[in-house]
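*Asks:* Contents of entry10.pdb (PDB, C-alpha atoms):
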ATOM      1  CA  MET A1273      -9.810  -6.996  -2.597
ATOM      2  CA  LYS A1274     -13.057  -6.997  -4.502
ATOM      3  CA  VAL A1275     -16.285  -8.271  -2.927
ATOM      4  CA  TYR A1276     -18.309 -10.748  -4.990
ATOM      5  CA  ILE A1277     -21.965 -11.450  -4.205
ATOM      6  CA  ILE A1278     -23.385 -14.863  -5.137
ATOM      7  CA  HIS A1279     -27.151 -14.696  -5.684
ATOM      8  CA  GLU A1280     -30.120 -15.449  -7.944
ATOM      9  CA  ASN A1281     -32.470 -12.578  -7.087
ATOM     10  CA  THR A1282     -31.230  -9.169  -8.160
ATOM     11  CA  VAL A1283     -34.138  -7.328  -6.485
ATOM     12  CA  TRP A1284     -32.953  -8.328  -3.014
ATOM     13  CA  LEU A1285     -29.488  -6.967  -3.800
ATOM     14  CA  GLU A1286     -30.497  -3.353  -4.388
ATOM     15  CA  PRO A1287     -30.018  -2.145  -0.777
ATOM     16  CA  ILE A1288     -26.775  -4.141  -0.462
ATOM     17  CA  ARG A1289     -25.414  -2.511  -3.612
ATOM     18  CA  ALA A1290     -26.335   0.922  -2.275
ATOM     19  CA  ALA A1291     -24.659   0.242   1.074
ATOM     20  CA  LEU A1292     -21.472  -1.057  -0.567
ATOM     21  CA  GLN A1293     -21.359   1.957  -2.859
ATOM     22  CA  ALA A1294     -21.753   4.270   0.134
ATOM     23  CA  GLU A1295     -18.729   2.576   1.713
ATOM     24  CA  ALA A1296     -16.774   2.832  -1.569
ATOM     25  CA  VAL A1297     -16.422  -0.956  -1.754
ATOM     26  CA  GLU A1298     -15.602  -2.397  -5.161
ATOM     27  CA  PHE A1299     -17.920  -5.321  -5.840
ATOM     28  CA  GLY A1300     -19.110  -7.718  -8.499
ATOM     29  CA  GLU A1301     -21.805 -10.361  -8.760
ATOM     30  CA  TYR A1302     -22.234 -14.024  -9.571
ATOM     31  CA  ASP A1303     -25.865 -14.022 -10.746
ATOM     32  CA  LEU A1304     -26.899 -17.684 -10.805
ATOM     33  CA  SER A1305     -30.364 -16.967 -12.186
ATOM     34  CA  ARG A1306     -28.731 -17.138 -15.618
ATOM     35  CA  GLY A1307     -26.816 -19.927 -17.339
ATOM     36  CA  GLN A1308     -23.291 -20.395 -16.048
ATOM     37  CA  ILE A1309     -20.151 -22.318 -16.961
ATOM     38  CA  LEU A1310     -17.671 -23.004 -14.165
ATOM     39  CA  GLU A1311     -14.159 -24.034 -15.182
ATOM     40  CA  ILE A1312     -13.070 -25.768 -12.006
ATOM     41  CA  GLU A1313      -9.435 -26.134 -13.025
ATOM     42  CA  LYS A1314      -9.112 -22.357 -13.032
ATOM     43  CA  ALA A1315      -8.505 -20.477  -9.816
ATOM     44  CA  PRO A1316     -11.198 -18.038  -8.661
ATOM     45  CA  PRO A1317     -10.326 -14.348  -8.653
ATOM     46  CA  ALA A1318      -8.853 -12.935  -5.478
ATOM     47  CA  GLY A1319     -11.562 -11.436  -3.332
ATOM     48  CA  VAL A1320     -14.207 -11.850  -0.664
ATOM     49  CA  PHE A1321     -17.254 -13.905  -1.667
ATOM     50  CA  PHE A1322     -20.627 -13.343   0.017
ATOM     51  CA  ASN A1323     -23.159 -16.138  -0.439
ATOM     52  CA  ARG A1324     -26.709 -14.820  -0.864
ATOM     53  CA  MET A1325     -28.306 -17.882  -2.413
ATOM     54  CA  SER A1326     -31.953 -18.260  -1.393
ATOM     55  CA  PRO A1327     -33.841 -21.513  -0.723
ATOM     56  CA  SER A1328     -36.869 -19.916  -2.402
ATOM     57  CA  ALA A1329     -35.066 -19.784  -5.766
ATOM     58  CA  HIS A1330     -37.511 -22.326  -7.178
ATOM     59  CA  THR A1331     -40.370 -19.833  -6.697
ATOM     60  CA  ARG A1332     -38.635 -17.564  -9.200
ATOM     61  CA  GLY A1333     -37.923 -20.261 -11.788
ATOM     62  CA  ASN A1334     -34.383 -20.878 -10.526
ATOM     63  CA  ALA A1335     -34.835 -24.300  -8.937
ATOM     64  CA  HIS A1336     -31.344 -25.518  -9.840
ATOM     65  CA  ALA A1337     -29.477 -22.395  -8.733
ATOM     66  CA  PRO A1338     -28.888 -23.549  -5.111
ATOM     67  CA  ALA A1339     -27.237 -26.797  -6.222
ATOM     68  CA  TYR A1340     -25.059 -24.836  -8.623
ATOM     69  CA  ALA A1341     -24.251 -22.341  -5.882
ATOM     70  CA  LEU A1342     -23.025 -25.216  -3.726
ATOM     71  CA  ALA A1343     -20.645 -26.217  -6.512
ATOM     72  CA  VAL A1344     -19.393 -22.625  -6.717
ATOM     73  CA  LEU A1345     -18.884 -22.457  -2.953
ATOM     74  CA  ASN A1346     -17.009 -25.768  -2.940
ATOM     75  CA  TRP A1347     -14.779 -24.416  -5.733
ATOM     76  CA  LEU A1348     -14.063 -21.246  -3.771
ATOM     77  CA  GLU A1349     -13.367 -23.125  -0.557
ATOM     78  CA  ALA A1350     -11.084 -25.584  -2.335
ATOM     79  CA  HIS A1351      -9.028 -22.584  -3.411
ATOM     80  CA  GLN A1352      -9.124 -21.154   0.130
ATOM     81  CA  ARG A1353     -10.966 -17.992  -0.831
ATOM     82  CA  ARG A1354     -12.608 -15.946   1.909
ATOM     83  CA  VAL A1355     -16.284 -16.914   1.823
ATOM     84  CA  VAL A1356     -19.013 -15.421   4.006
ATOM     85  CA  ASN A1357     -21.749 -18.021   4.623
ATOM     86  CA  GLY A1358     -20.074 -20.846   2.734
ATOM     87  CA  SER A1359     -21.149 -24.391   1.930
ATOM     88  CA  MET A1360     -22.050 -25.292   5.536
ATOM     89  CA  ALA A1361     -24.340 -22.282   5.728
ATOM     90  CA  LEU A1362     -25.998 -23.119   2.411
ATOM     91  CA  HIS A1363     -26.643 -26.703   3.481
ATOM     92  CA  LEU A1364     -28.360 -25.381   6.606
ATOM     93  CA  GLU A1365     -30.343 -22.823   4.599
ATOM     94  CA  MET A1366     -31.656 -25.520   2.278
ATOM     95  CA  SER A1367     -33.003 -27.835   4.980
ATOM     96  CA  LYS A1368     -35.352 -27.026   7.844
ATOM     97  CA  THR A1369     -34.748 -30.581   9.032
ATOM     98  CA  GLN A1370     -31.046 -29.911   9.430
ATOM     99  CA  GLN A1371     -31.789 -26.632  11.198
ATOM    100  CA  TYR A1372     -33.981 -28.281  13.814
ATOM    101  CA  LEU A1373     -31.606 -31.192  14.379
ATOM    102  CA  LEU A1374     -28.622 -28.907  14.888
ATOM    103  CA  LEU A1375     -30.547 -26.432  17.053
ATOM    104  CA  GLU A1376     -31.759 -29.228  19.303
ATOM    105  CA  HIS A1377     -28.241 -30.670  19.468
ATOM    106  CA  ALA A1378     -27.041 -27.242  20.610
ATOM    107  CA  GLY A1379     -29.648 -27.230  23.395
ATOM    108  CA  ILE A1380     -31.915 -24.680  21.684
ATOM    109  CA  LYS A1381     -35.576 -25.660  21.933
ATOM    110  CA  THR A1382     -37.575 -26.031  18.706
ATOM    111  CA  PRO A1383     -41.244 -26.947  18.173
ATOM    112  CA  LYS A1384     -41.957 -30.669  18.112
ATOM    113  CA  SER A1385     -41.545 -31.771  14.506
ATOM    114  CA  LEU A1386     -42.117 -34.836  12.369
ATOM    115  CA  ILE A1387     -40.064 -35.308   9.190
ATOM    116  CA  ILE A1388     -42.035 -36.916   6.365
ATOM    117  CA  LEU A1389     -40.852 -38.306   3.043
ATOM    118  CA  GLY A1390     -43.638 -38.206   0.465
ATOM    119  CA  LYS A1391     -47.116 -36.707   0.493
ATOM    120  CA  ASP A1392     -48.672 -40.165   0.762
ATOM    121  CA  GLN A1393     -47.423 -40.373   4.371
ATOM    122  CA  LEU A1394     -49.126 -37.198   5.544
ATOM    123  CA  MET A1395     -52.344 -38.964   6.543
ATOM    124  CA  ASN A1396     -50.324 -41.093   8.982
ATOM    125  CA  LEU A1397     -49.303 -38.154  11.147
ATOM    126  CA  THR A1398     -49.797 -38.326  14.905
ATOM    127  CA  LEU A1399     -49.637 -34.621  15.768
ATOM    128  CA  PRO A1400     -52.837 -33.190  17.259
ATOM    129  CA  TYR A1401     -54.731 -30.563  15.266
ATOM    130  CA  PRO A1402     -54.045 -27.797  14.564
ATOM    131  CA  PHE A1403     -50.476 -28.149  13.382
ATOM    132  CA  ILE A1404     -48.150 -26.493  10.884
ATOM    133  CA  LEU A1405     -47.197 -28.194   7.649
ATOM    134  CA  LYS A1406     -44.177 -26.825   5.800
ATOM    135  CA  PRO A1407     -41.781 -27.978   3.092
ATOM    136  CA  ASN A1408     -38.273 -28.905   4.180
ATOM    137  CA  ARG A1409     -36.843 -26.436   1.676
ATOM    138  CA  GLY A1410     -38.894 -23.304   1.847
ATOM    139  CA  GLY A1411     -38.147 -19.608   1.762
ATOM    140  CA  LYS A1412     -40.622 -16.702   1.921
ATOM    141  CA  GLY A1413     -43.038 -18.982   3.766
ATOM    142  CA  ALA A1414     -43.829 -20.786   0.505
ATOM    143  CA  GLY A1415     -46.035 -23.813   1.124
ATOM    144  CA  VAL A1416     -46.461 -23.187   4.858
ATOM    145  CA  THR A1417     -49.995 -24.065   5.953
ATOM    146  CA  LEU A1418     -51.966 -24.260   9.164
ATOM    147  CA  ILE A1419     -53.724 -27.643   9.193
ATOM    148  CA  LYS A1420     -56.834 -27.323  11.340
ATOM    149  CA  ASP A1421     -58.413 -30.720  10.733
ATOM    150  CA  ALA A1422     -58.298 -33.908   8.652
ATOM    151  CA  ALA A1423     -60.267 -32.295   5.829
ATOM    152  CA  ALA A1424     -57.697 -29.523   5.505
ATOM    153  CA  LEU A1425     -54.893 -32.066   5.462
ATOM    154  CA  GLN A1426     -56.642 -34.112   2.764
ATOM    155  CA  SER A1427     -57.049 -30.961   0.692
ATOM    156  CA  ILE A1428     -53.281 -30.381   0.826
ATOM    157  CA  ILE A1429     -52.598 -33.965  -0.143
ATOM    158  CA  ASP A1430     -54.985 -33.750  -3.081
ATOM    159  CA  SER A1431     -54.073 -30.332  -4.401
ATOM    160  CA  ALA A1432     -50.659 -29.118  -3.318
ATOM    161  CA  GLU A1433     -47.514 -29.798  -5.262
ATOM    162  CA  ASP A1434     -44.952 -31.948  -3.536
ATOM    163  CA  SER A1435     -42.119 -30.124  -1.793
ATOM    164  CA  ILE A1436     -39.074 -29.391  -3.938
ATOM    165  CA  ASP A1437     -37.078 -32.195  -2.265
ATOM    166  CA  GLY A1438     -40.017 -34.460  -1.399
ATOM    167  CA  ILE A1439     -39.627 -33.839   2.339
ATOM    168  CA  TRP A1440     -42.284 -32.253   4.552
ATOM    169  CA  ILE A1441     -42.241 -31.136   8.172
ATOM    170  CA  ALA A1442     -45.301 -31.360  10.404
ATOM    171  CA  GLN A1443     -44.798 -29.103  13.399
ATOM    172  CA  GLU A1444     -46.732 -28.421  16.555
ATOM    173  CA  TYR A1445     -48.724 -25.202  16.537
ATOM    174  CA  ILE A1446     -47.268 -22.569  18.854
ATOM    175  CA  ARG A1447     -49.580 -19.655  19.571
ATOM    176  CA  ALA A1448     -47.528 -16.480  19.846
ATOM    177  CA  ARG A1449     -47.800 -14.584  23.095
ATOM    178  CA  ASP A1450     -49.550 -11.278  22.335
ATOM    179  CA  GLY A1451     -49.485 -12.206  18.640
ATOM    180  CA  PHE A1452     -45.808 -11.343  18.122
ATOM    181  CA  VAL A1453     -42.656 -13.230  17.207
ATOM    182  CA  THR A1454     -39.062 -12.003  17.259
ATOM    183  CA  ARG A1455     -36.247 -12.099  14.749
ATOM    184  CA  ALA A1456     -32.655 -11.579  15.925
ATOM    185  CA  GLU A1457     -30.176 -10.347  13.317
ATOM    186  CA  PHE A1458     -26.478 -11.199  13.333
ATOM    187  CA  ILE A1459     -23.611  -9.831  11.241
ATOM    188  CA  ASP A1460     -20.002 -11.001  11.616
ATOM    189  CA  GLY A1461     -21.485 -13.560  13.986
ATOM    190  CA  GLN A1462     -22.475 -10.796  16.414
ATOM    191  CA  PHE A1463     -25.928  -9.631  17.453
ATOM    192  CA  VAL A1464     -27.042  -6.450  15.667
ATOM    193  CA  TYR A1465     -30.652  -5.949  16.760
ATOM    194  CA  ALA A1466     -33.978  -7.705  17.209
ATOM    195  CA  VAL A1467     -37.151  -7.118  15.215
ATOM    196  CA  ARG A1468     -40.633  -7.535  16.677
ATOM    197  CA  ILE A1469     -43.015  -9.008  14.099
ATOM    198  CA  ASP A1470     -46.785  -8.752  14.269
ATOM    199  CA  ALA A1471     -47.881 -12.298  13.486
ATOM    200  CA  SER A1472     -51.589 -11.751  14.068
ATOM    201  CA  GLY A1473     -52.692 -10.319  10.743
ATOM    202  CA  GLY A1474     -53.129 -12.166   7.495
ATOM    203  CA  PHE A1475     -52.101 -15.585   8.758
ATOM    204  CA  ASP A1476     -53.627 -17.207  11.819
ATOM    205  CA  LEU A1477     -50.635 -19.425  12.487
ATOM    206  CA  CYS A1478     -47.335 -19.626  14.305
ATOM    207  CA  PRO A1479     -44.517 -20.375  14.274
ATOM    208  CA  ALA A1480     -44.586 -20.203  10.495
ATOM    209  CA  ASP A1481     -46.700 -17.136   9.861
ATOM    210  CA  ALA A1482     -43.761 -14.696  10.095
ATOM    211  CA  CYS A1483     -42.085 -16.646   7.318
ATOM    212  CA  ALA A1484     -45.343 -16.701   5.381
ATOM    213  CA  ILE A1485     -45.281 -12.903   5.273
ATOM    214  CA  GLY A1486     -42.474 -13.568   2.829
ATOM    215  CA  ASP A1487     -41.763 -10.618   0.576
ATOM    216  CA  GLN A1488     -42.979  -8.140   3.195
ATOM    217  CA  PHE A1489     -39.862  -8.978   5.174
ATOM    218  CA  CYS A1490     -37.677  -8.703   2.109
ATOM    219  CA  ALA A1491     -39.145  -5.568   0.642
ATOM    220  CA  VAL A1492     -37.722  -2.163   1.318
ATOM    221  CA  GLY A1493     -40.610   0.053   2.302
ATOM    222  CA  ALA A1494     -43.179   0.853   4.930
ATOM    223  CA  GLN A1495     -44.198  -2.237   6.853
ATOM    224  CA  SER A1496     -46.108  -1.703  10.077
ATOM    225  CA  LYS A1497     -45.678  -5.371  10.967
ATOM    226  CA  PHE A1498     -42.016  -4.839  11.853
ATOM    227  CA  GLU A1499     -40.445  -2.866  14.674
ATOM    228  CA  VAL A1500     -36.778  -2.772  15.626
ATOM    229  CA  LEU A1501     -36.539  -3.256  19.385
ATOM    230  CA  GLN A1502     -34.290  -0.885  21.290
ATOM    231  CA  ASN A1503     -31.947  -2.310  23.948
ATOM    232  CA  PHE A1504     -33.188  -5.859  23.410
ATOM    233  CA  SER A1505     -31.605  -8.552  25.558
ATOM    234  CA  SER A1506     -32.187 -12.277  25.961
ATOM    235  CA  PRO A1507     -30.158 -15.255  27.183
ATOM    236  CA  LEU A1508     -30.798 -16.723  23.737
ATOM    237  CA  ILE A1509     -28.539 -14.203  22.012
ATOM    238  CA  GLU A1510     -25.296 -15.647  23.359
ATOM    239  CA  ARG A1511     -26.479 -19.160  22.549
ATOM    240  CA  TYR A1512     -27.382 -18.103  19.014
ATOM    241  CA  GLU A1513     -23.937 -16.556  18.557
ATOM    242  CA  GLN A1514     -22.325 -19.795  19.697
ATOM    243  CA  PHE A1515     -24.560 -21.793  17.369
ATOM    244  CA  LEU A1516     -23.701 -19.620  14.364
ATOM    245  CA  LYS A1517     -19.991 -19.922  15.129
ATOM    246  CA  GLN A1518     -20.287 -23.701  15.298
ATOM    247  CA  GLN A1519     -21.998 -23.739  11.891
ATOM    248  CA  SER A1520     -19.572 -21.248  10.257
ATOM    249  CA  ILE A1521     -22.414 -18.771   9.653
ATOM    250  CA  GLU A1522     -21.542 -15.090   9.820
ATOM    251  CA  VAL A1523     -24.726 -13.368   8.600
ATOM    252  CA  ALA A1524     -28.155 -14.642   9.630
ATOM    253  CA  GLY A1525     -31.551 -13.886  11.100
ATOM    254  CA  ILE A1526     -32.942 -16.295  13.697
ATOM    255  CA  GLU A1527     -36.640 -16.291  14.540
ATOM    256  CA  PHE A1528     -38.200 -17.401  17.785
ATOM    257  CA  ILE A1529     -41.600 -17.404  19.416
ATOM    258  CA  GLU A1530     -42.789 -17.239  23.017
ATOM    259  CA  ASN A1531     -46.060 -18.841  24.069
ATOM    260  CA  ALA A1532     -48.418 -17.706  26.819
ATOM    261  CA  SER A1533     -46.542 -19.777  29.400
ATOM    262  CA  GLY A1534     -43.250 -18.087  28.598
ATOM    263  CA  ASP A1535     -41.748 -21.058  26.783
ATOM    264  CA  VAL A1536     -39.527 -19.968  23.886
ATOM    265  CA  TYR A1537     -39.130 -21.945  20.670
ATOM    266  CA  THR A1538     -36.704 -21.259  17.834
ATOM    267  CA  TYR A1539     -38.196 -22.098  14.445
ATOM    268  CA  ASP A1540     -36.099 -20.563  11.665
ATOM    269  CA  VAL A1541     -32.474 -19.828  10.822
ATOM    270  CA  ASN A1542     -32.419 -17.539   7.792
ATOM    271  CA  VAL A1543     -28.938 -17.388   6.269
ATOM    272  CA  ASN A1544     -30.209 -15.253   3.379
ATOM    273  CA  THR A1545     -31.533 -12.555   5.660
ATOM    274  CA  ASN A1546     -32.891  -9.171   4.554
ATOM    275  CA  TYR A1547     -33.530  -6.033   6.583
ATOM    276  CA  ASN A1548     -36.549  -3.774   6.672
ATOM    277  CA  GLN A1549     -35.157  -0.277   6.456
ATOM    278  CA  LYS A1550     -38.471   1.403   7.287
ATOM    279  CA  ALA A1551     -38.672  -0.580  10.504
ATOM    280  CA  GLU A1552     -35.244   0.719  11.520
ATOM    281  CA  GLY A1553     -36.763   4.200  11.636
ATOM    282  CA  ASP A1554     -34.656   6.523  13.776
ATOM    283  CA  SER A1555     -32.497   3.690  15.092
ATOM    284  CA  LEU A1556     -28.804   4.508  15.070
ATOM    285  CA  ILE A1557     -28.129   0.990  13.813
ATOM    286  CA  LYS A1558     -28.724   0.432  10.104
ATOM    287  CA  ALA A1559     -28.174  -3.222   9.299
ATOM    288  CA  TYR A1560     -27.195  -2.778   5.644
ATOM    289  CA  GLU A1561     -24.561  -0.258   6.749
ATOM    290  CA  VAL A1562     -23.256  -2.727   9.326
ATOM    291  CA  LEU A1563     -23.149  -5.432   6.650
ATOM    292  CA  ALA A1564     -21.306  -3.192   4.176
ATOM    293  CA  LYS A1565     -18.743  -2.167   6.793
ATOM    294  CA  PHE A1566     -18.192  -5.849   7.659
ATOM    295  CA  LEU A1567     -17.583  -6.762   4.028
ATOM    296  CA  LYS A1568     -15.334  -3.721   3.633
ATOM    297  CA  ARG A1569     -13.169  -4.825   6.558
ATOM    298  CA  LEU A1570     -12.795  -8.242   4.973
ATOM    299  CA  SER A1571     -11.920  -6.739   1.609
ATOM    300  CA  LEU A1572      -9.177  -4.648   3.182
ATOM    301  CA  GLY A1573      -7.659  -7.762   4.682
TER     302      GLY A1573
END
Just give me the structure of the file as C-alpha cells.

*Replies:*
Amino acid sequence: MKVYIIHENTVWLEPIRAALQAEAVEFGEYDLSRGQILEIEKAPPAGVFFNRMSPSAHTRGNAHAPAYALAVLNWLEAHQRRVVNGSMALHLEMSKTQQYLLLEHAGIKTPKSLIILGKDQLMNLTLPYPFILKPNRGGKGAGVTLIKDAAALQSIIDSAEDSIDGIWIAQEYIRARDGFVTRAEFIDGQFVYAVRIDASGGFDLCPADACAIGDQFCAVGAQSKFEVLQNFSSPLIERYEQFLKQQSIEVAGIEFIENASGDVYTYDVNVNTNYNQKAEGDSLIKAYEVLAKFLKRLSLG
C-alpha cells in the first residue's frame, strides 16, 4: 500500500521523503497549506496515512489547516483506513491543557499550571514570579515567555496578540538541573532514544525554553544544543509508552525537566516530532530510518 503524509509544512518533510525513498516506499502527500476540497461521500484511497499536522501552522499563514486536518482524519477513520497519529493525537497536539490534564491523570507529574481564558484575566494570576506564560496552542515555542515581574506581565497584556484559541497557560518556573532538559523519542509507540538539550543559552527559562528554540530542533544541520544520549534509561520511559498507547499515539517526542532536587516534570508531548540528524552523529540509531522502516512495515500489511 502507498503511504500518504498529511502536513502543511513541506520543509519539515524533506528528511522523511529521503528516508522513505531510501526504503523504496511509495508515498504521496496531502499538503493542507493549499486550498482543498474533500468529497466525504467518496472513499479514501487504500493506504497508510501519517498525520504530520503541526500546531504552529498559524505561524506560517495556515491557521485553518489543523481544523481541516481533523476533518480529513475523521474521514479516514470513518472509512477504517490505517492512520498513524489520528484524530486523538491531533487533539492532544493542539492543546497543552489537554496534555497536562491527561499526563496528570496518568500519574505523570507536570509543572503547576493555571488555565486562563482571555488576556484580561492574566493580571489575576496567583503564581509567584517568575513564571512561564504560554499559549494553549503553540508549536516552535511561539509566544512562550518568562514573566519575571508584574511589569513584564503588563507588557504582554498590552502588546502581545491573543493566543490562537484565546486560552493561555501560566506555569511554574522550573530551573533545569545543570541547564539541560531531555526529550525522549518514540516510534511505533516504542522508545528510540533520548536527546539532551542545552537550555541555558538564548532563553533564560524552563520548562519552555527548549520549545522556544523552535526551528533549531526542526532544522537538519549542525546544532550543538542537542546530543543523543547513549544507553539512556529512566523509569519514565515505560510510563510514557503506556501513556502514548492509551492516547493512540505512535510517533512522538516527550520533553521533561529535572530540577536541582531531582524532581522530574513532563512539560510537552510533541506529536509532530522532528529529529536532529547532526545530533545523532555516529549513533547506530537514525530516527528517520526507524520511522521509514515503521511506515514501510505498515504499508506491506

*Asks:* Please enumerate the residues selected by the PyMOL selection byres ((chain A and resi 1353) around 12) when evaluated against the supplied file, formatted as an NGL selection string.

*Replies:* :A and (1273-1276 or 1315-1322 or 1344-1352 or 1354-1356 or 1358 or 1570-1571)

*Asks:* Produce the centre coordinates and the three edge lengths, each in Å to one decimal, of the box along x, y and z that contains all listed atoms of range 1325-1340 of chain A with 3 Å added on each side, as lines of an AutoDock Vina configuration file.

*Replies:*
center_x = -32.7
center_y = -22.2
center_z = -6.3
size_x = 21.3
size_y = 15.2
size_z = 17.1

*Asks:* Fewer than 4 positions away in the same chain doesn't count, so skip those; otherwise give me all residues within 8 Å of range 1377-1394 of chain A, counting all atoms listed in the file, as an mmCIF file with C-alpha atoms, keeping the file's coordinate frame.

*Replies:*
data_model
loop_
_atom_site.group_PDB
_atom_site.id
_atom_site.type_symbol
_atom_site.label_atom_id
_atom_site.label_comp_id
_atom_site.auth_asym_id
_atom_site.auth_seq_id
_atom_site.Cartn_x
_atom_site.Cartn_y
_atom_site.Cartn_z
ATOM 1 C CA THR A 1369 -34.748 -30.581 9.032
ATOM 2 C CA TYR A 1372 -33.981 -28.281 13.814
ATOM 3 C CA LEU A 1373 -31.606 -31.192 14.379
ATOM 4 C CA LEU A 1425 -54.893 -32.066 5.462
ATOM 5 C CA ILE A 1429 -52.598 -33.965 -0.143
ATOM 6 C CA ASP A 1434 -44.952 -31.948 -3.536
ATOM 7 C CA GLY A 1438 -40.017 -34.460 -1.399
ATOM 8 C CA ILE A 1439 -39.627 -33.839 2.339
ATOM 9 C CA TRP A 1440 -42.284 -32.253 4.552
ATOM 10 C CA ILE A 1441 -42.241 -31.136 8.172
ATOM 11 C CA ALA A 1442 -45.301 -31.360 10.404
ATOM 12 C CA GLN A 1443 -44.798 -29.103 13.399
ATOM 13 C CA GLU A 1444 -46.732 -28.421 16.555
ATOM 14 C CA TYR A 1445 -48.724 -25.202 16.537
ATOM 15 C CA ILE A 1446 -47.268 -22.569 18.854
ATOM 16 C CA ARG A 1511 -26.479 -19.160 22.549
ATOM 17 C CA PHE A 1515 -24.560 -21.793 17.369
ATOM 18 C CA VAL A 1536 -39.527 -19.968 23.886
ATOM 19 C CA TYR A 1537 -39.130 -21.945 20.670
ATOM 20 C CA THR A 1538 -36.704 -21.259 17.834
ATOM 21 C CA TYR A 1539 -38.196 -22.098 14.445
#

*Asks:* Determine the nearest neighbour of Ile1509 in chain A from the options A:Ser1359, A:Asn1334, A:Ser1435, A:Thr1454, counting all atoms listed in the file.

*Replies:*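 Among the listed residues, A:Thr1454 lies closest to Ile1509 in chain A.
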
*Asks:* Return the single residue from A:Asn1357, A:Thr1331, A:Asn1531, A:Ser1506 that is closest to Ala1456 in chain A, with distances computed using all atoms listed in the file.

*Replies:* A:Ser1506

*Asks:* Using all atoms listed in the file and a cutoff of 7 Å, can you tell me which residues are near (-43.8, -18.4, 18.2) in the file's coordinates, and write them out as a VMD selection string?

*Replies:* chain A and resid 1446 to 1448 1453 1478 to 1479 1528 to 1531 1537

*Asks:* Using CA of Ala1423 in chain A and CA of Met1395 in chain A as the two end points, give the distance in Å to one decimal.

*Replies:*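 Interatomic distance here is 10.4 Å.
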
*Asks:* Rounded to one decimal place, report the CA of Gly1300 in chain A-CA of Ser1555 in chain A distance in Å.

*Replies:* 29.4 Å

*Asks:* Residues within 12 Å of Ser1427 in chain A, please, as number ranges by chain. Count only C-alpha atoms; anything in the same chain fewer than 3 positions from it doesn't count.

*Replies:* A: 1391, 1394-1395, 1417-1424, 1430-1433

*Asks:* Just the number, please: distance in Å from CA of Pro1327 in chain A to CA of Met1360 in chain A, one decimal.

*Replies:*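 These two atoms are separated by 13.9 Å.
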
*Asks:* Name the residues that the PyMOL selection byres ((chain A and resi 1305) around 6) picks from the file above, as a short mmCIF file (atom, residue, chain, number, x, y, z; two decimals) with C-alpha atoms, in the coordinates of the input, using the file's chain letters and numbers.

*Replies:*
data_model
loop_
_atom_site.label_atom_id
_atom_site.label_comp_id
_atom_site.auth_asym_id
_atom_site.auth_seq_id
_atom_site.Cartn_x
_atom_site.Cartn_y
_atom_site.Cartn_z
CA GLU A 1280 -30.12 -15.45 -7.94
CA ASP A 1303 -25.86 -14.02 -10.75
CA LEU A 1304 -26.90 -17.68 -10.80
CA ARG A 1306 -28.73 -17.14 -15.62
CA ASN A 1334 -34.38 -20.88 -10.53
#

*Asks:* Name the residues in contact with Ala1335 in chain A at a cut-off of 12 Å, using only C-alpha atoms, excluding same-chain residues fewer than 2 positions from it; report them as number ranges by chain.

*Replies:* A: 1280, 1304-1306, 1325-1333, 1337-1341, 1366, 1409-1410, 1435-1437

*Asks:* For Val1543 in chain A, which of A:Leu1364, A:Val1464, A:Leu1556, A:Ala1471 is the closest residue, counting all atoms listed in the file?

*Replies:*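 Nearest candidate to Val1543 in chain A out of A:Leu1364, A:Val1464, A:Leu1556, A:Ala1471: A:Leu1364.
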
*Asks:* Pick out the residues sitting within 8 Å of Asp1540 in chain A, and hand them over as number ranges by chain; count all atoms listed in the file, and ignore anything fewer than 4 positions along from it in its own chain.

*Replies:* A: 1368, 1371, 1526-1528

*Asks:* Taking 3 positions as the minimum chain separation for residues in the same chain, which residues sit within 7 Å of range 1457-1460 of chain A when counting all atoms listed in the file? Answer as a PyMOL selection string.

*Replies:* chain A and resi 1463-1466+1522-1526+1563+1566

*Asks:* Using all atoms listed in the file, pick whichever of A:Ala1564, A:Gly1573, A:Gln1549, A:Arg1324 has the shortest atom-to-atom distance to Arg1289 in chain A.

*Replies:* A:Ala1564
